[in-house]
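Chemist: mmCIF, C-alpha atoms, file coords-v6.cif:
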```
data_structure
#
loop_
_atom_site.group_PDB
_atom_site.id
_atom_site.type_symbol
_atom_site.label_atom_id
_atom_site.label_comp_id
_atom_site.auth_asym_id
_atom_site.auth_seq_id
_atom_site.Cartn_x
_atom_site.Cartn_y
_atom_site.Cartn_z
ATOM 1 C CA MET A 1 0.000 0.000 0.000
ATOM 2 C CA LEU A 2 2.900 2.345 0.673
ATOM 3 C CA THR A 3 4.706 1.881 -2.636
ATOM 4 C CA PRO A 4 4.016 4.778 -5.011
ATOM 5 C CA GLN A 5 1.980 3.533 -7.977
ATOM 6 C CA LYS A 6 1.123 6.721 -9.868
ATOM 7 C CA GLY A 7 2.822 9.935 -8.791
ATOM 8 C CA PRO A 8 2.555 10.179 -4.999
ATOM 9 C CA LEU A 9 -0.340 7.712 -4.809
ATOM 10 C CA GLY A 10 0.065 4.314 -3.221
ATOM 11 C CA LEU A 11 -2.792 1.841 -3.049
ATOM 12 C CA GLY A 12 -5.071 4.277 -1.235
ATOM 13 C CA PRO A 13 -2.863 6.702 0.685
ATOM 14 C CA ILE A 14 -0.808 9.600 -0.621
ATOM 15 C CA ILE A 15 2.903 9.068 0.097
ATOM 16 C CA ARG A 16 5.412 11.893 0.625
ATOM 17 C CA GLY A 17 8.992 12.195 1.814
ATOM 18 C CA GLU A 18 11.601 9.577 2.571
ATOM 19 C CA GLY A 19 13.561 8.304 5.568
ATOM 20 C CA ARG A 20 12.379 9.969 8.787
ATOM 21 C CA ALA A 21 10.244 12.339 6.712
ATOM 22 C CA LEU A 22 8.312 9.481 5.041
ATOM 23 C CA ARG A 23 4.632 9.960 5.683
ATOM 24 C CA PHE A 24 1.368 8.731 4.290
ATOM 25 C CA GLY A 25 -2.170 9.938 4.592
ATOM 26 C CA HIS A 26 -5.276 11.010 2.817
ATOM 27 C CA PRO A 27 -7.619 14.003 2.915
ATOM 28 C CA GLY A 28 -11.359 13.585 2.731
ATOM 29 C CA TRP A 29 -14.399 15.756 2.412
ATOM 30 C CA ASN A 30 -18.081 15.543 1.921
ATOM 31 C CA GLU A 31 -20.966 17.931 2.341
ATOM 32 C CA GLY A 32 -20.428 19.526 5.729
ATOM 33 C CA PHE A 33 -17.026 18.169 6.813
ATOM 34 C CA HIS A 34 -13.336 18.029 5.967
ATOM 35 C CA SER A 35 -10.707 15.670 7.304
ATOM 36 C CA GLU A 36 -7.152 14.508 6.880
ATOM 37 C CA LEU A 37 -5.162 11.597 8.224
ATOM 38 C CA ILE A 38 -1.362 11.644 8.326
ATOM 39 C CA TYR A 39 1.138 9.176 9.781
ATOM 40 C CA PHE A 40 4.949 9.038 9.984
ATOM 41 C CA PRO A 41 5.829 5.297 10.244
ATOM 42 C CA GLU A 42 9.422 5.780 11.381
ATOM 43 C CA LEU A 43 8.412 8.295 14.066
ATOM 44 C CA ARG A 44 5.324 6.293 15.025
ATOM 45 C CA LYS A 45 3.401 9.563 15.181
ATOM 46 C CA GLY A 46 0.445 10.921 13.309
ATOM 47 C CA ALA A 47 -2.909 12.607 13.570
ATOM 48 C CA ALA A 48 -6.448 12.469 12.268
ATOM 49 C CA VAL A 49 -8.281 15.794 12.080
ATOM 50 C CA MET A 50 -11.949 16.346 11.250
ATOM 51 C CA VAL A 51 -13.814 19.654 11.179
ATOM 52 C CA HIS A 52 -17.378 20.560 10.358
ATOM 53 C CA GLY A 53 -18.168 23.240 7.813
ATOM 54 C CA HIS A 54 -18.227 23.907 4.108
ATOM 55 C CA ALA A 55 -14.910 25.776 4.065
ATOM 56 C CA GLY A 56 -13.018 23.703 6.643
ATOM 57 C CA ARG A 57 -10.034 22.580 4.540
ATOM 58 C CA PRO A 58 -7.766 25.493 5.517
ATOM 59 C CA MET A 59 -8.524 24.859 9.207
ATOM 60 C CA VAL A 60 -7.567 21.174 8.873
ATOM 61 C CA ARG A 61 -4.202 22.152 7.373
ATOM 62 C CA GLU A 62 -3.546 24.789 10.061
ATOM 63 C CA ILE A 63 -4.268 22.259 12.807
ATOM 64 C CA LEU A 64 -1.900 19.744 11.180
ATOM 65 C CA TYR A 65 0.831 22.399 10.813
ATOM 66 C CA ALA A 66 0.474 23.222 14.531
ATOM 67 C CA ILE A 67 0.733 19.542 15.481
ATOM 68 C CA ALA A 68 3.748 19.164 13.157
ATOM 69 C CA ALA A 69 5.511 22.095 14.811
ATOM 70 C CA GLU A 70 4.813 20.780 18.319
ATOM 71 C CA TYR A 71 6.021 17.233 17.565
ATOM 72 C CA ALA A 72 8.811 18.189 15.128
ATOM 73 C CA TRP A 73 7.492 16.278 12.130
ATOM 74 C CA PRO A 74 10.261 16.491 9.510
ATOM 75 C CA GLY A 75 9.402 18.022 6.140
ATOM 76 C CA PHE A 76 5.832 18.948 7.073
ATOM 77 C CA GLU A 77 5.515 22.706 6.968
ATOM 78 C CA PRO A 78 3.615 25.165 4.799
ATOM 79 C CA ASP A 79 5.054 25.680 1.324
ATOM 80 C CA THR A 80 6.384 29.081 0.378
ATOM 81 C CA ILE A 81 4.438 30.485 -2.559
ATOM 82 C CA VAL A 82 6.423 32.582 -5.032
ATOM 83 C CA PRO A 83 3.969 34.730 -7.030
ATOM 84 C CA PHE A 84 4.264 34.884 -10.819
ATOM 85 C CA ALA A 85 3.222 38.135 -12.513
ATOM 86 C CA VAL A 86 0.467 37.803 -15.123
ATOM 87 C CA ASP A 87 -1.276 40.499 -17.116
ATOM 88 C CA ALA A 88 -4.953 41.436 -16.970
ATOM 89 C CA LYS A 89 -5.719 39.491 -20.170
ATOM 90 C CA ALA A 90 -4.390 36.239 -18.643
ATOM 91 C CA ARG A 91 -6.428 36.788 -15.458
ATOM 92 C CA GLU A 92 -9.600 37.584 -17.413
ATOM 93 C CA ALA A 93 -9.172 34.433 -19.544
ATOM 94 C CA LEU A 94 -9.710 32.313 -16.399
ATOM 95 C CA VAL A 95 -12.924 33.987 -15.236
ATOM 96 C CA ALA A 96 -15.640 31.415 -15.989
ATOM 97 C CA SER A 97 -17.597 28.472 -14.611
ATOM 98 C CA TYR A 98 -16.124 24.977 -14.875
ATOM 99 C CA GLU A 99 -17.492 21.464 -14.439
ATOM 100 C CA GLY A 100 -16.083 17.945 -14.223
ATOM 101 C CA LYS A 101 -16.505 14.540 -12.598
ATOM 102 C CA ALA A 102 -14.746 13.114 -9.544
ATOM 103 C CA ASP A 103 -15.601 9.653 -8.247
ATOM 104 C CA GLY A 104 -18.829 9.749 -10.270
ATOM 105 C CA ALA A 105 -19.980 13.033 -8.736
ATOM 106 C CA THR A 106 -20.252 16.336 -10.561
ATOM 107 C CA VAL A 107 -17.799 18.995 -9.415
ATOM 108 C CA ASP A 108 -18.702 22.608 -10.154
ATOM 109 C CA ALA A 109 -16.207 25.407 -9.776
ATOM 110 C CA ARG A 110 -15.800 28.982 -10.820
ATOM 111 C CA VAL A 111 -13.066 31.537 -11.060
ATOM 112 C CA ARG A 112 -14.215 35.071 -10.406
ATOM 113 C CA GLY A 113 -12.615 38.484 -10.296
ATOM 114 C CA GLU A 114 -13.396 40.842 -7.447
ATOM 115 C CA GLY A 115 -12.266 44.024 -5.811
ATOM 116 C CA GLU A 116 -9.241 45.769 -7.201
ATOM 117 C CA GLY A 117 -9.381 43.987 -10.558
ATOM 118 C CA ASP A 118 -6.089 42.134 -10.190
ATOM 119 C CA ARG A 119 -7.413 39.500 -7.779
ATOM 120 C CA LEU A 120 -8.979 36.198 -8.749
ATOM 121 C CA TYR A 121 -10.884 33.774 -6.549
ATOM 122 C CA PHE A 122 -11.496 30.037 -6.947
ATOM 123 C CA ASP A 123 -14.768 28.694 -5.560
ATOM 124 C CA SER A 124 -15.863 25.056 -5.489
ATOM 125 C CA ARG A 125 -18.351 23.914 -2.885
ATOM 126 C CA LYS A 126 -17.678 20.234 -3.689
ATOM 127 C CA LEU A 127 -13.914 20.669 -3.226
ATOM 128 C CA GLY A 128 -14.423 22.839 -0.130
ATOM 129 C CA VAL A 129 -12.520 25.814 -1.500
ATOM 130 C CA ASN A 130 -13.400 29.509 -1.672
ATOM 131 C CA SER A 131 -10.234 31.569 -1.692
ATOM 132 C CA GLU A 132 -8.016 33.993 -3.549
ATOM 133 C CA VAL A 133 -5.585 32.429 -6.006
ATOM 134 C CA ILE A 134 -1.947 33.276 -6.612
ATOM 135 C CA PHE A 135 -0.348 32.573 -9.970
ATOM 136 C CA VAL A 136 2.862 30.539 -9.701
ATOM 137 C CA SER A 137 3.435 30.180 -13.463
ATOM 138 C CA LYS A 138 1.793 31.186 -16.724
ATOM 139 C CA THR A 139 -0.489 28.132 -16.556
ATOM 140 C CA SER A 140 -0.952 27.366 -12.856
ATOM 141 C CA PHE A 141 -2.092 28.952 -9.633
ATOM 142 C CA VAL A 142 -2.247 28.096 -5.937
ATOM 143 C CA VAL A 143 -5.409 28.470 -3.883
ATOM 144 C CA GLN A 144 -4.201 30.660 -1.041
ATOM 145 C CA ASP A 145 -6.157 29.172 1.877
ATOM 146 C CA SER A 146 -5.758 25.481 1.044
ATOM 147 C CA GLY A 147 -2.401 25.397 -0.774
ATOM 148 C CA ASP A 148 -3.938 23.376 -3.620
ATOM 149 C CA GLU A 149 -2.238 23.907 -6.969
ATOM 150 C CA LEU A 150 -4.369 23.918 -10.095
ATOM 151 C CA SER A 151 -3.075 24.024 -13.622
ATOM 152 C CA PHE A 152 -4.965 25.010 -16.730
ATOM 153 C CA THR A 153 -4.725 24.367 -20.418
ATOM 154 C CA LEU A 154 -4.977 27.047 -23.041
ATOM 155 C CA ARG A 155 -6.426 26.847 -26.518
ATOM 156 C CA ALA A 156 -4.516 28.306 -29.479
ATOM 157 C CA ASP A 157 -6.529 31.546 -29.172
ATOM 158 C CA GLY A 158 -5.361 32.011 -25.545
ATOM 159 C CA ALA A 159 -8.700 31.073 -23.966
ATOM 160 C CA VAL A 160 -8.692 28.669 -21.013
ATOM 161 C CA ASP A 161 -9.967 25.239 -22.019
ATOM 162 C CA ALA A 162 -9.931 23.403 -18.662
ATOM 163 C CA LEU A 163 -8.684 23.492 -15.073
ATOM 164 C CA HIS A 164 -6.832 20.497 -13.631
ATOM 165 C CA PHE A 165 -7.010 19.683 -9.925
ATOM 166 C CA GLY A 166 -4.961 16.524 -9.482
ATOM 167 C CA ASP A 167 -6.686 13.903 -11.636
ATOM 168 C CA ILE A 168 -9.879 15.976 -11.858
ATOM 169 C CA ALA A 169 -10.352 17.878 -15.134
ATOM 170 C CA LEU A 170 -12.849 20.728 -14.984
ATOM 171 C CA ALA A 171 -13.984 21.818 -18.460
ATOM 172 C CA ARG A 172 -15.042 25.378 -19.116
ATOM 173 C CA LYS A 173 -18.857 25.639 -19.326
#
```
Output the file's structure as structure tokens, nothing else.

Modeler:
Amino acid sequence: MLTPQKGPLGLGPIIRGEGRALRFGHPGWNEGFHSELIYFPELRKGAAVMVHGHAGRPMVREILYAIAAEYAWPGFEPDTIVPFAVDAKAREALVASYEGKADGATVDARVRGEGEGDRLYFDSRKLGVNSEVIFVSKTSFVVQDSGDELSFTLRADGAVDALHFGDIALARK
């Protein structure tokens, strides 16, 4: 189960790190709750966190980061996000509604612009995300509150064709 099969995925859990930093776990969510399990086999330490609420994913991560700091889990700290500058045309190309399938269920999402005009927000009730995004390359961004990285594909005319969240493809509606 703990041998990577496809990317970081074993037979069920997600596997990261090596040596003392080797860990496995899996996030989960459904209407009304978010959770994550993580375990460091060599340290014989781990945690399971569950929270109620539509937008609970960031809270789960913050709780895990606090536990990691207290128990000195190696290699488990928030990533540093280095912003990538994009022009207004690239930001506007993303603003749309998207839809895809994950585990047989429909996943709706949207990217919207608000406020000062240079900010974009990603919102998906099914994925438990509603947060500002930060571009990290010409074709990818990070959801600020959850740390999730999404990539997108562009058509020849520069329009966004689809968003990619792990193995989930969300086509532009």

Chemist: What do you get, as JSON, numbers by chain, if you spell out every residue that the PyMOL selection byres ((chain A and resi 77-79) around 8) selects here?

Modeler: {"A": [65, 68, 69, 75, 76, 80, 81, 147]}

Chemist: Could you tell me, as number ranges by chain, exactly which residues end up selected when the PyMOL selection byres ((chain A and resi 98-107) around 8) is applied to this structure?

Modeler: A: 96-97, 108-110, 124, 126-127, 162-163, 168-173

Chemist: Please, could you write that set of residues out with C-alpha atoms as a short mmCIF file (atom, residue, chain, number, x, y, z; two decimals), in the coordinates of the input?

Modeler:
```cif
data_model
loop_
_atom_site.label_atom_id
_atom_site.label_comp_id
_atom_site.auth_asym_id
_atom_site.auth_seq_id
_atom_site.Cartn_x
_atom_site.Cartn_y
_atom_site.Cartn_z
CA ALA A 96 -15.64 31.42 -15.99
CA SER A 97 -17.60 28.47 -14.61
CA ASP A 108 -18.70 22.61 -10.15
CA ALA A 109 -16.21 25.41 -9.78
CA ARG A 110 -15.80 28.98 -10.82
CA SER A 124 -15.86 25.06 -5.49
CA LYS A 126 -17.68 20.23 -3.69
CA LEU A 127 -13.91 20.67 -3.23
CA ALA A 162 -9.93 23.40 -18.66
CA LEU A 163 -8.68 23.49 -15.07
CA ILE A 168 -9.88 15.98 -11.86
CA ALA A 169 -10.35 17.88 -15.13
CA LEU A 170 -12.85 20.73 -14.98
CA ALA A 171 -13.98 21.82 -18.46
CA ARG A 172 -15.04 25.38 -19.12
CA LYS A 173 -18.86 25.64 -19.33
#
```

Chemist: Once the PyMOL selection byres ((chain A and resi 134) around 10) has been applied to the shown file, what residues remain in the selection, as a list in words?

Modeler: Ile81, Val82, Pro83, Phe84, Ala85, Val86, Arg119, Leu120, Tyr121, Ser131, Glu132, Val133, Phe135, Val136, Ser137, Ser140, Phe141, Val142, Val143, Gln144, Gly147 and Glu149 of chain A

Chemist: What does the file look like for those residues with C-alpha atoms, as a PDB file, in the coordinates of the input?

Modeler:
```pdb
ATOM      1  CA  ILE A  81       4.438  30.485  -2.559  1.00  0.00           C
ATOM      2  CA  VAL A  82       6.423  32.582  -5.032  1.00  0.00           C
ATOM      3  CA  PRO A  83       3.969  34.730  -7.030  1.00  0.00           C
ATOM      4  CA  PHE A  84       4.264  34.884 -10.819  1.00  0.00           C
ATOM      5  CA  ALA A  85       3.222  38.135 -12.513  1.00  0.00           C
ATOM      6  CA  VAL A  86       0.467  37.803 -15.123  1.00  0.00           C
ATOM      7  CA  ARG A 119      -7.413  39.500  -7.779  1.00  0.00           C
ATOM      8  CA  LEU A 120      -8.979  36.198  -8.749  1.00  0.00           C
ATOM      9  CA  TYR A 121     -10.884  33.774  -6.549  1.00  0.00           C
ATOM     10  CA  SER A 131     -10.234  31.569  -1.692  1.00  0.00           C
ATOM     11  CA  GLU A 132      -8.016  33.993  -3.549  1.00  0.00           C
ATOM     12  CA  VAL A 133      -5.585  32.429  -6.006  1.00  0.00           C
ATOM     13  CA  PHE A 135      -0.348  32.573  -9.970  1.00  0.00           C
ATOM     14  CA  VAL A 136       2.862  30.539  -9.701  1.00  0.00           C
ATOM     15  CA  SER A 137       3.435  30.180 -13.463  1.00  0.00           C
ATOM     16  CA  SER A 140      -0.952  27.366 -12.856  1.00  0.00           C
ATOM     17  CA  PHE A 141      -2.092  28.952  -9.633  1.00  0.00           C
ATOM     18  CA  VAL A 142      -2.247  28.096  -5.937  1.00  0.00           C
ATOM     19  CA  VAL A 143      -5.409  28.470  -3.883  1.00  0.00           C
ATOM     20  CA  GLN A 144      -4.201  30.660  -1.041  1.00  0.00           C
ATOM     21  CA  GLY A 147      -2.401  25.397  -0.774  1.00  0.00           C
ATOM     22  CA  GLU A 149      -2.238  23.907  -6.969  1.00  0.00           C
TER      23      GLU A 149
END
```

Chemist: What is the atom CA of A:Asp145 to atom CA of A:His26 distance in Å?

Modeler: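 It comes out at 18.2 Å.
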
Chemist: Could you work out how far atom CA of A:Trp73 lies from atom CA of A:Ala21, giving the answer in Å with one decimal?

Modeler: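 Those two atoms sit 7.2 Å apart.
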
Chemist: Atom CA of A:Gly19 and atom CA of A:Glu42 are how many Å apart?

Modeler: 7.6 Å

Chemist: Of the candidates A:Leu154, A:Leu9, A:Val160, A:Ala88, which one gets nearest to A:Arg23 if we count only C-alpha atoms?

Modeler: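 Once distances to A:Arg23 are computed over only C-alpha atoms, the minimum belongs to A:Leu9.
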
Chemist: Kindly provide, as a list of chain:residue names, the polymer residues lying within 9 Å of (-8.1, 15.5, 14.7), counting all atoms listed in the file and using the coordinates exactly as they appear in the file.

Modeler: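 Answer for this query, in the requested form: A:Ser35, A:Glu36, A:Leu37, A:Ala47, A:Ala48, A:Val49, A:Met50, A:Val51, A:Val60, A:Ile63, A:Leu64.
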
Chemist: Please produce an output containing C-alpha atoms for each residue in the selection, written as a short mmCIF file (atom, residue, chain, number, x, y, z; two decimals), in the frame of the given file.

Modeler:
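The resulting file, selection.cif, is reproduced below:
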```cif
data_model
loop_
_atom_site.label_atom_id
_atom_site.label_comp_id
_atom_site.auth_asym_id
_atom_site.auth_seq_id
_atom_site.Cartn_x
_atom_site.Cartn_y
_atom_site.Cartn_z
CA SER A 35 -10.71 15.67 7.30
CA GLU A 36 -7.15 14.51 6.88
CA LEU A 37 -5.16 11.60 8.22
CA ALA A 47 -2.91 12.61 13.57
CA ALA A 48 -6.45 12.47 12.27
CA VAL A 49 -8.28 15.79 12.08
CA MET A 50 -11.95 16.35 11.25
CA VAL A 51 -13.81 19.65 11.18
CA VAL A 60 -7.57 21.17 8.87
CA ILE A 63 -4.27 22.26 12.81
CA LEU A 64 -1.90 19.74 11.18
#
```

Chemist: Could you give me, as a list in words, the residues within 10 Å of A:Tyr71, counting only C-alpha atoms and dropping anything in the same chain fewer than 5 positions from it?

Modeler: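 Those residues are Leu43, Lys45, Gly46, Tyr65 and Ala66 of chain A.
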